[in-house]
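Worksheet: one structure, shown below.
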Amino acid sequence: MLENAIYGGRRYWAWIFFLLSLIGAGFIAYIYQFQNGLGVTGMSRDVSWGLYIGQFTFLVGVAASGVMVVLPYYLHNYKKFGRLTILGEFLAIAAVVMCMLFIFVDMGQPLRVLNVILHPTPNSVMFFDMAVLSGYLLLNLLIGWTVLGAERKEVGPPKWVKPLIYLSIAWAPSIHTVTAFLYAGLPGRHFWLSAIMAARFLASAFAAGPALLILLALIVRKYTKFDPGKEAIQSLGKIVTYCMLLNVFFLGLEFFTAFYSQIPGHMHSFVYLYTGLHGHSQLVPIMWVSSILAAVAVFMLVFPQIRKNESLLAIACIATFFSLWIDKGFGLVVGGFVPNPFEKITEYWPTLPETIITVAVWAIGFLVLTVLYKIAISVKEEVVFDKYGERQIKAE
Amino acid sequence: MSIDRREFLKLAGISTILGMGGASAVHGLRSRVEASQIMPNPEALKAKRWAMVVDMSKFKTAEDYQRCIDACHHAHNVPNVTDNLKHEVKWIWEETYEHAFPGTEDEYLAEEIKELPFLILCNHCDNPPCVRVCPTKATFKRKSDGIVMMDMHRCIGCRFCMAACPYGARSFNYKNPRPFLDPEKENPEFPTRTKGVVEKCTFCYERLAKGQMPACVEASRGALIFGDIEDPNSEVRKVLGSRYSFRRKPELGTRPSVYYIF
Ligand code: SF4
Ligand code: SF4
């Protein structure tokens with residue numbers, strides 16, 4: 001099947017080369033960081049994690065959200081998602097690859113990365129995170145590839161993948177729960193020390209991931225002969241709606257606990273993020289952009305009339321995705337470090353090299369995604385040629 | 001000189017390889033390895049759990065603080081990163097009362113107390129969150145005496161420990177620290193670090209092994225009291241048993257081993 005990746009039109013190769021040039025720039029920036037140390041980023045003694053770890057956190061969610069198409073299809077026999085599962089699984093693979101790269105570029109001593117395996121430390125959440133992420137990557141590779149291969153031969157998938165699929169369904173929430181535990185168990189970081197952290201992570205992940213999947217599905221339909229299906233996209237839209245509402249609800253719970261209890265430590269980070277604290281307010285504008293996008297998304301999603309219009313749904317998905325990307329990929333991490341343990345404030349903003357590296361990691365993710373989608377779609381185009389996929393749905 | 005576990009393994013490894021060649025070489029090495037294992041420096045100071053009491057009544061002038069800080073930072077080749085305070089490395093430093101003990105001040109607190117500098121260092125917590133989170137055991141609590149140690153050759157620079165320490169005790173080498181050392185004052189007996197690793201106070205384990213008190217304690221003229229908190233006859237216990245003492249953020253359950261008295 002791999003050969004499908006190298007037969008592509010002009011547009012395909014232009015896109016690939018565009019991504020490669022971003023990756024090249026990022027590579028140069030990374031060499032610079034590698035030689036000079038993490039001091040080339042905006043991180044500091046006080047804000048010791050920044051954009052990299054934020055992106056990692058956000059993308060674990062995207063990876064986990066693949067389960068939102070796999071679960072209905074395999075556990076509830078929801079056939080409409082049949083054409084989306086492979087897109088979900090391959091999105092998960094690309095997301096996990098980005099997660100691992102973000103961890104890698106964040107390390108002060110990247111050449112020692114194997115120490116995590118050489119000195120396994122089960123009491124460290126980071127060790128578990130690495131274990132569950134690698135496992136999830138393997139599961140998705142194995143399942144995605146086998147099922148797609150079977151489809152190409154127009155036979156049912158082999159029996160042994162079923163148990164693996166069930167395992168991956170149970171596995172998906174675990175990767176994001178463990179990621180939440182990186183934060184939620186640290187004494188003295190009040191902003192993160194919240195029992196609802198994992199639940200909030202899952203809700204935001206299951207909104208942002210499917211929102212991205214909808215956008216990808218719309219792009220796939222526009223540029224290829226493969227149609228993931230109108231109804232499937234609408235069902236995903238419902239998933240985005242409910243999870244986005246849950247996410248907003250959970251955030252509201254955090255606000256209530258902090259501000260009704262009036263415990264200063266619990267309020268400080270929120271105050272810093274949304275109004276600024278002691279004259280420091282660098283993050284306030286982007287946090288408000290996130291909130292406004294969230295409000296727009298919720299408004300557009302809750303009305304079925306709006307949601308049913310695919311172009312409006314796409315706008316709602318873009319709003320959802322970027323709102324959560326700011327909130328989780330940036331605010332959540334930085335907010336936890338401000339104020340610092342001495343109740344002093346050091347602000348954080350990514351530097352240019354840091355931004356270029358971040359963009360490059362995303363570009364690598366999109367490259368992986370493009371190649372995988374290209375393969376999947378070539379297979380699908382061969383097997384199911386009709387635009388609205390009736391043949392496949394009927395056949396099943 | 002004592003040999004730590006890792007050095008021991010290295011020597012043992014070399015001796016195994018040599019074992020294929022000559023048995024006598026193995027023998028010589030092995031006896032050295034074993035000797036250093038069973039014969040630590042007889043002068044070494046030992047404790048079940050080391051602890052420190054900072055007697056604030058003895059800190060009168062700015063010089064009293066600076067002496068302790070300089071003693072430590074010189075002894076451990078702590079880089080003096082002043083060009084960008086975001087990248088500062090420090091093992092022991094001053095922090096005013098309201099920042100060292102946030103949440104305990106009130107609006108009527110006397111200005112002298114609010115602004116009173118306290119000496120701050122790693123608390124060598126009995127239940128250290130930094131150790132709990134480290135994915136490589138590069139930071140670990142020594143079983144023999146409770147010191148929270150750093151292995152800067154194993155640290156991968158993930159900075160999880162910095163997020164986990166509620167006392168801001170850890171510094172990360174955001175850049176190569178060596179250009180920030182004063183070659184005149186460098187201590188050749190203590191290793192310098194590379195970029196990309198975390199460091200912090202280690203209660204001068206290297207001095208204790210030679211029978212010396214920690215550098216800051218030695219320089220403090222009695223303002224820092226250091227000893228075995230599990231020994232009822234130690235000086236720290238006597239002070240703690242007779243005067244009012246307090247610790248930083250005790251409510252977090254980390255059980256700091258650094259106490260403050262007024
Ligand atoms: S003060 Fe911080 S670095 Fe030191 S032992 Fe306690 S948690 Fe660890
Ligand atoms: S930065 Fe080093 S010492 Fe700290 S948790 Fe990571 S590996 Fe351990």
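Just remember, in the structure tokens the first chain shown is A, the second B, etc., residues are 1-based per chain, and ligands are 1-based in the order shown.
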
I'd like a table as a Markdown table: residues in chain A with an atom no more than 9 Å from ligand 2, each row giving the shortest atom pair and its distance in Å to one decimal, only C-alpha atoms and all ligand atoms counted, sorted by chain and rising residue number.
```
| residue | atom | partner | partner_atom_place_in_ligand_line | distance |
| --- | --- | --- | --- | --- |
| A:Met107 | CA | ligand 2 | 1 (S) | 8.3 |
| A:Gly108 | CA | ligand 2 | 1 (S) | 7.7 |
| A:Gln109 | CA | ligand 2 | 2 (Fe) | 8.9 |
| A:Asn115 | CA | ligand 2 | 7 (S) | 8.5 |
| A:Val116 | CA | ligand 2 | 7 (S) | 8.3 |
| A:Ser124 | CA | ligand 2 | 5 (S) | 8.7 |
| A:Met126 | CA | ligand 2 | 5 (S) | 8.9 |
```

Query raised in the report: Using only C-alpha atoms and all ligand atoms, which protein or nucleic acid residues are at most 8 Å from ligand 1, as a ChimeraX atom specification?
Result: /B:121-131,148,161-162,164-170,200-201,254,256

Requested in this report: Compute the set of chain A residues within 9 Å of chain B, using only C-alpha atoms, and express it as a ChimeraX atom specification.
Outcome: /A:36-49,103,106-113,115-128,182-183,185-189,264-265,336-337,340-344,346

Query - Every residue of segment 17-262 of chain B that DSSP places in strand (DSSP E or B), as a ChimeraX atom specification - result: /B:50-55,92-96,117-121,139-141,148-150,171-172,198-199,224-228,245-246,258-261

Produce a file of the selected residues containing N, CA and C atoms, as a compact mmCIF listing (two decimals), in the first residue's frame.
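Listing of selection-v7.txt after writing:
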```
# COMPACT_ATOMS: atom_id res chain seq x y z
N TRP B 50 19.55 14.17 58.11
CA TRP B 50 20.12 15.49 58.32
C TRP B 50 19.04 16.57 58.31
N ALA B 51 19.23 17.58 59.14
CA ALA B 51 18.28 18.69 59.16
C ALA B 51 19.03 19.97 59.50
N MET B 52 18.40 21.11 59.19
CA MET B 52 19.03 22.40 59.45
C MET B 52 18.06 23.33 60.15
N VAL B 53 18.58 24.09 61.08
CA VAL B 53 17.78 25.14 61.71
C VAL B 53 18.42 26.47 61.37
N VAL B 54 17.62 27.37 60.83
CA VAL B 54 18.10 28.71 60.49
C VAL B 54 17.71 29.64 61.63
N ASP B 55 18.68 30.10 62.37
CA ASP B 55 18.40 30.97 63.52
C ASP B 55 18.40 32.42 63.05
N ILE B 92 21.26 28.61 47.36
CA ILE B 92 20.85 29.20 48.63
C ILE B 92 20.80 30.70 48.41
N TRP B 93 19.71 31.31 48.83
CA TRP B 93 19.56 32.75 48.54
C TRP B 93 18.60 33.39 49.53
N GLU B 94 18.42 34.70 49.38
CA GLU B 94 17.54 35.43 50.29
C GLU B 94 16.17 35.64 49.66
N GLU B 95 15.16 35.58 50.51
CA GLU B 95 13.81 35.86 50.05
C GLU B 95 13.12 36.52 51.24
N THR B 96 12.41 37.62 51.02
CA THR B 96 11.79 38.30 52.16
C THR B 96 10.65 37.46 52.74
N PRO B 117 14.76 39.49 55.23
CA PRO B 117 15.19 38.41 54.34
C PRO B 117 15.41 37.11 55.11
N PHE B 118 14.97 36.02 54.50
CA PHE B 118 15.21 34.69 55.05
C PHE B 118 16.13 33.95 54.10
N LEU B 119 16.96 33.07 54.66
CA LEU B 119 17.79 32.24 53.78
C LEU B 119 16.95 31.07 53.31
N ILE B 120 16.97 30.86 52.00
CA ILE B 120 16.13 29.84 51.39
C ILE B 120 17.03 28.81 50.71
N LEU B 121 16.72 27.55 50.88
CA LEU B 121 17.46 26.50 50.17
C LEU B 121 16.55 25.29 50.03
N THR B 139 16.99 12.47 40.50
CA THR B 139 16.93 13.07 41.83
C THR B 139 16.34 11.99 42.72
N PHE B 140 17.02 11.76 43.82
CA PHE B 140 16.62 10.64 44.68
C PHE B 140 16.94 10.96 46.13
N LYS B 141 16.19 10.30 47.03
CA LYS B 141 16.45 10.53 48.44
C LYS B 141 17.38 9.45 48.95
N VAL B 148 18.27 14.71 49.80
CA VAL B 148 17.70 14.62 48.45
C VAL B 148 18.81 14.99 47.47
N MET B 149 19.28 13.96 46.75
CA MET B 149 20.47 14.10 45.91
C MET B 149 20.12 14.39 44.46
N MET B 150 21.13 14.84 43.73
CA MET B 150 20.98 15.07 42.28
C MET B 150 22.07 14.31 41.55
N SER B 171 17.00 24.86 40.11
CA SER B 171 17.40 25.70 38.99
C SER B 171 17.74 24.82 37.80
N PHE B 172 17.45 25.34 36.63
CA PHE B 172 17.76 24.59 35.40
C PHE B 172 18.86 25.34 34.66
N VAL B 198 19.18 19.92 35.75
CA VAL B 198 18.66 20.63 36.91
C VAL B 198 19.65 20.49 38.06
N GLU B 199 19.77 21.52 38.88
CA GLU B 199 20.63 21.41 40.06
C GLU B 199 20.02 22.12 41.26
N LEU B 224 23.48 28.98 61.41
CA LEU B 224 22.86 27.80 60.83
C LEU B 224 23.28 26.59 61.67
N ILE B 225 22.29 25.87 62.14
CA ILE B 225 22.59 24.72 62.99
C ILE B 225 22.24 23.47 62.19
N PHE B 226 23.17 22.53 62.17
CA PHE B 226 23.01 21.38 61.29
C PHE B 226 23.24 20.13 62.12
N GLY B 227 22.40 19.12 61.92
CA GLY B 227 22.62 17.90 62.68
C GLY B 227 21.59 16.83 62.36
N ASP B 228 21.63 15.76 63.15
CA ASP B 228 20.76 14.61 62.93
C ASP B 228 19.46 14.82 63.69
N SER B 245 9.59 27.02 66.40
CA SER B 245 10.16 26.93 65.06
C SER B 245 9.05 26.79 64.04
N PHE B 246 9.35 27.09 62.81
CA PHE B 246 8.35 26.92 61.74
C PHE B 246 9.05 26.52 60.45
N VAL B 258 14.26 21.69 56.81
CA VAL B 258 14.86 22.98 57.16
C VAL B 258 13.84 23.74 58.01
N TYR B 259 14.29 24.13 59.21
CA TYR B 259 13.43 24.82 60.17
C TYR B 259 13.93 26.25 60.35
N TYR B 260 13.00 27.13 60.73
CA TYR B 260 13.37 28.52 60.99
C TYR B 260 12.98 28.88 62.41
N ILE B 261 13.88 29.58 63.11
CA ILE B 261 13.52 30.12 64.44
C ILE B 261 13.84 31.60 64.45
```

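Counting only C-alpha atoms, Gly8 of chain A has the following residues at most 12 Å away, ignoring those fewer than 4 positions along the same chain: A:Glu3, A:Asn4, A:Tyr12, A:Trp13, A:Ala14, A:Trp15, A:Ile16, A:Thr224, A:Thr370, A:Val371, A:Lys374, A:Ile375, A:Ile377, A:Ser378.
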
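For the set B:Leu116, B:Cys68, B:Ala47, B:Met56, the residue with the smallest atom-to-atom gap to Pro232 of chain B is B:Ala47, counting only C-alpha atoms.
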
Report summary line: Pairwise distance, atom CA of Tyr73 of chain A with atom CA of Gln55 of chain A, equals 28.8 Å

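Here atom CA of Phe203 of chain B is placed at a distance of 19.1 Å from atom CA of Asp64 of chain B.
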
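Counting from atom CA of Asn247 of chain A, the distance to atom CA of Leu313 of chain A is 18.4 Å.
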
Requested in this report: Looking only at helix (DSSP H, G or I) from DSSP on the backbone, list the matching residues of segment 88-291 of chain A as a VMD selection string.
Outcome: chain A and resid 88 to 106 110 to 112 115 to 118 125 to 152 161 to 184 197 to 223 230 to 261 264 to 274 284 to 291

**Report entry** Neighbour list for segment 72-75 of chain B as an MDAnalysis selection string, cut-off 8 Å, only C-alpha atoms, skip fewer than 6 positions in-chain
**Finding:** chainID B and resid 90:92 185:187 190 215:216

Store the residues of this selection in a file with C-alpha atoms, as a CSV table (one decimal), in the first residue's frame.
```csv
chain,number,residue,atom,x,y,z
B,90,LYS,CA,21.0,29.4,42.8
B,91,TRP,CA,21.3,26.9,45.6
B,92,ILE,CA,20.8,29.2,48.6
B,185,LYS,CA,37.3,31.2,42.5
B,186,GLU,CA,36.5,27.8,40.9
B,187,ASN,CA,36.6,24.9,43.2
B,190,PHE,CA,33.5,19.9,42.8
B,215,ALA,CA,29.9,25.1,53.6
B,216,CYS,CA,27.1,27.5,54.5
```

Query raised in the report: Ile53 of chain A: which residues within 9 Å, counting only C-alpha atoms, same-chain residues fewer than 2 positions away excluded, as a PyMOL selection string?
Result: chain A and resi 49-51+55-58+99+102-103+106+329-330+333

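Within the 12 Å cut-off around Leu71 of chain A, using only C-alpha atoms and omitting residues fewer than 5 positions from it on the same chain, the listed residues are Ala64, Ser65, Gly66, His76, Asn77, Tyr78, Lys79, Phe81, Gly82, Leu84, Thr85, Gly88, Glu89, Ile165, Tyr166, Leu167, Ser168, Ile169, Ala170, Trp171, Ala172 and Pro173 of chain A.
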
I need the residues from that last selection saved to file as a CSV table (one decimal), in the first residue's frame (with C-alpha atoms), if you can.
```csv
chain,number,residue,atom,x,y,z
A,64,ALA,CA,-7.1,10.1,22.3
A,65,SER,CA,-10.1,11.5,20.5
A,66,GLY,CA,-9.7,8.9,17.7
A,76,HIS,CA,-22.4,0.2,18.9
A,77,ASN,CA,-22.2,-1.0,15.3
A,78,TYR,CA,-22.7,2.5,14.1
A,79,LYS,CA,-22.0,1.8,10.4
A,81,PHE,CA,-18.6,5.9,11.0
A,82,GLY,CA,-17.2,3.0,8.9
A,84,LEU,CA,-14.2,7.6,9.3
A,85,THR,CA,-12.5,5.1,11.5
A,88,GLY,CA,-9.5,8.8,13.1
A,89,GLU,CA,-6.9,6.2,13.7
A,165,ILE,CA,-9.5,-2.7,18.7
A,166,TYR,CA,-11.3,-3.2,22.0
A,167,LEU,CA,-8.1,-2.7,23.8
A,168,SER,CA,-7.4,0.5,22.0
A,169,ILE,CA,-10.8,1.8,22.9
A,170,ALA,CA,-10.0,1.3,26.6
A,171,TRP,CA,-6.5,2.6,26.1
A,172,ALA,CA,-7.4,6.0,24.5
A,173,PRO,CA,-8.9,7.6,27.6
```

Query raised in the report: If we count only C-alpha atoms, what is near Val296 of chain A at a cut-off of 9 Å, once residues fewer than 5 positions away on the same chain are taken out, given as number ranges by chain?
Result: A: 291, 301, 316, 319-320
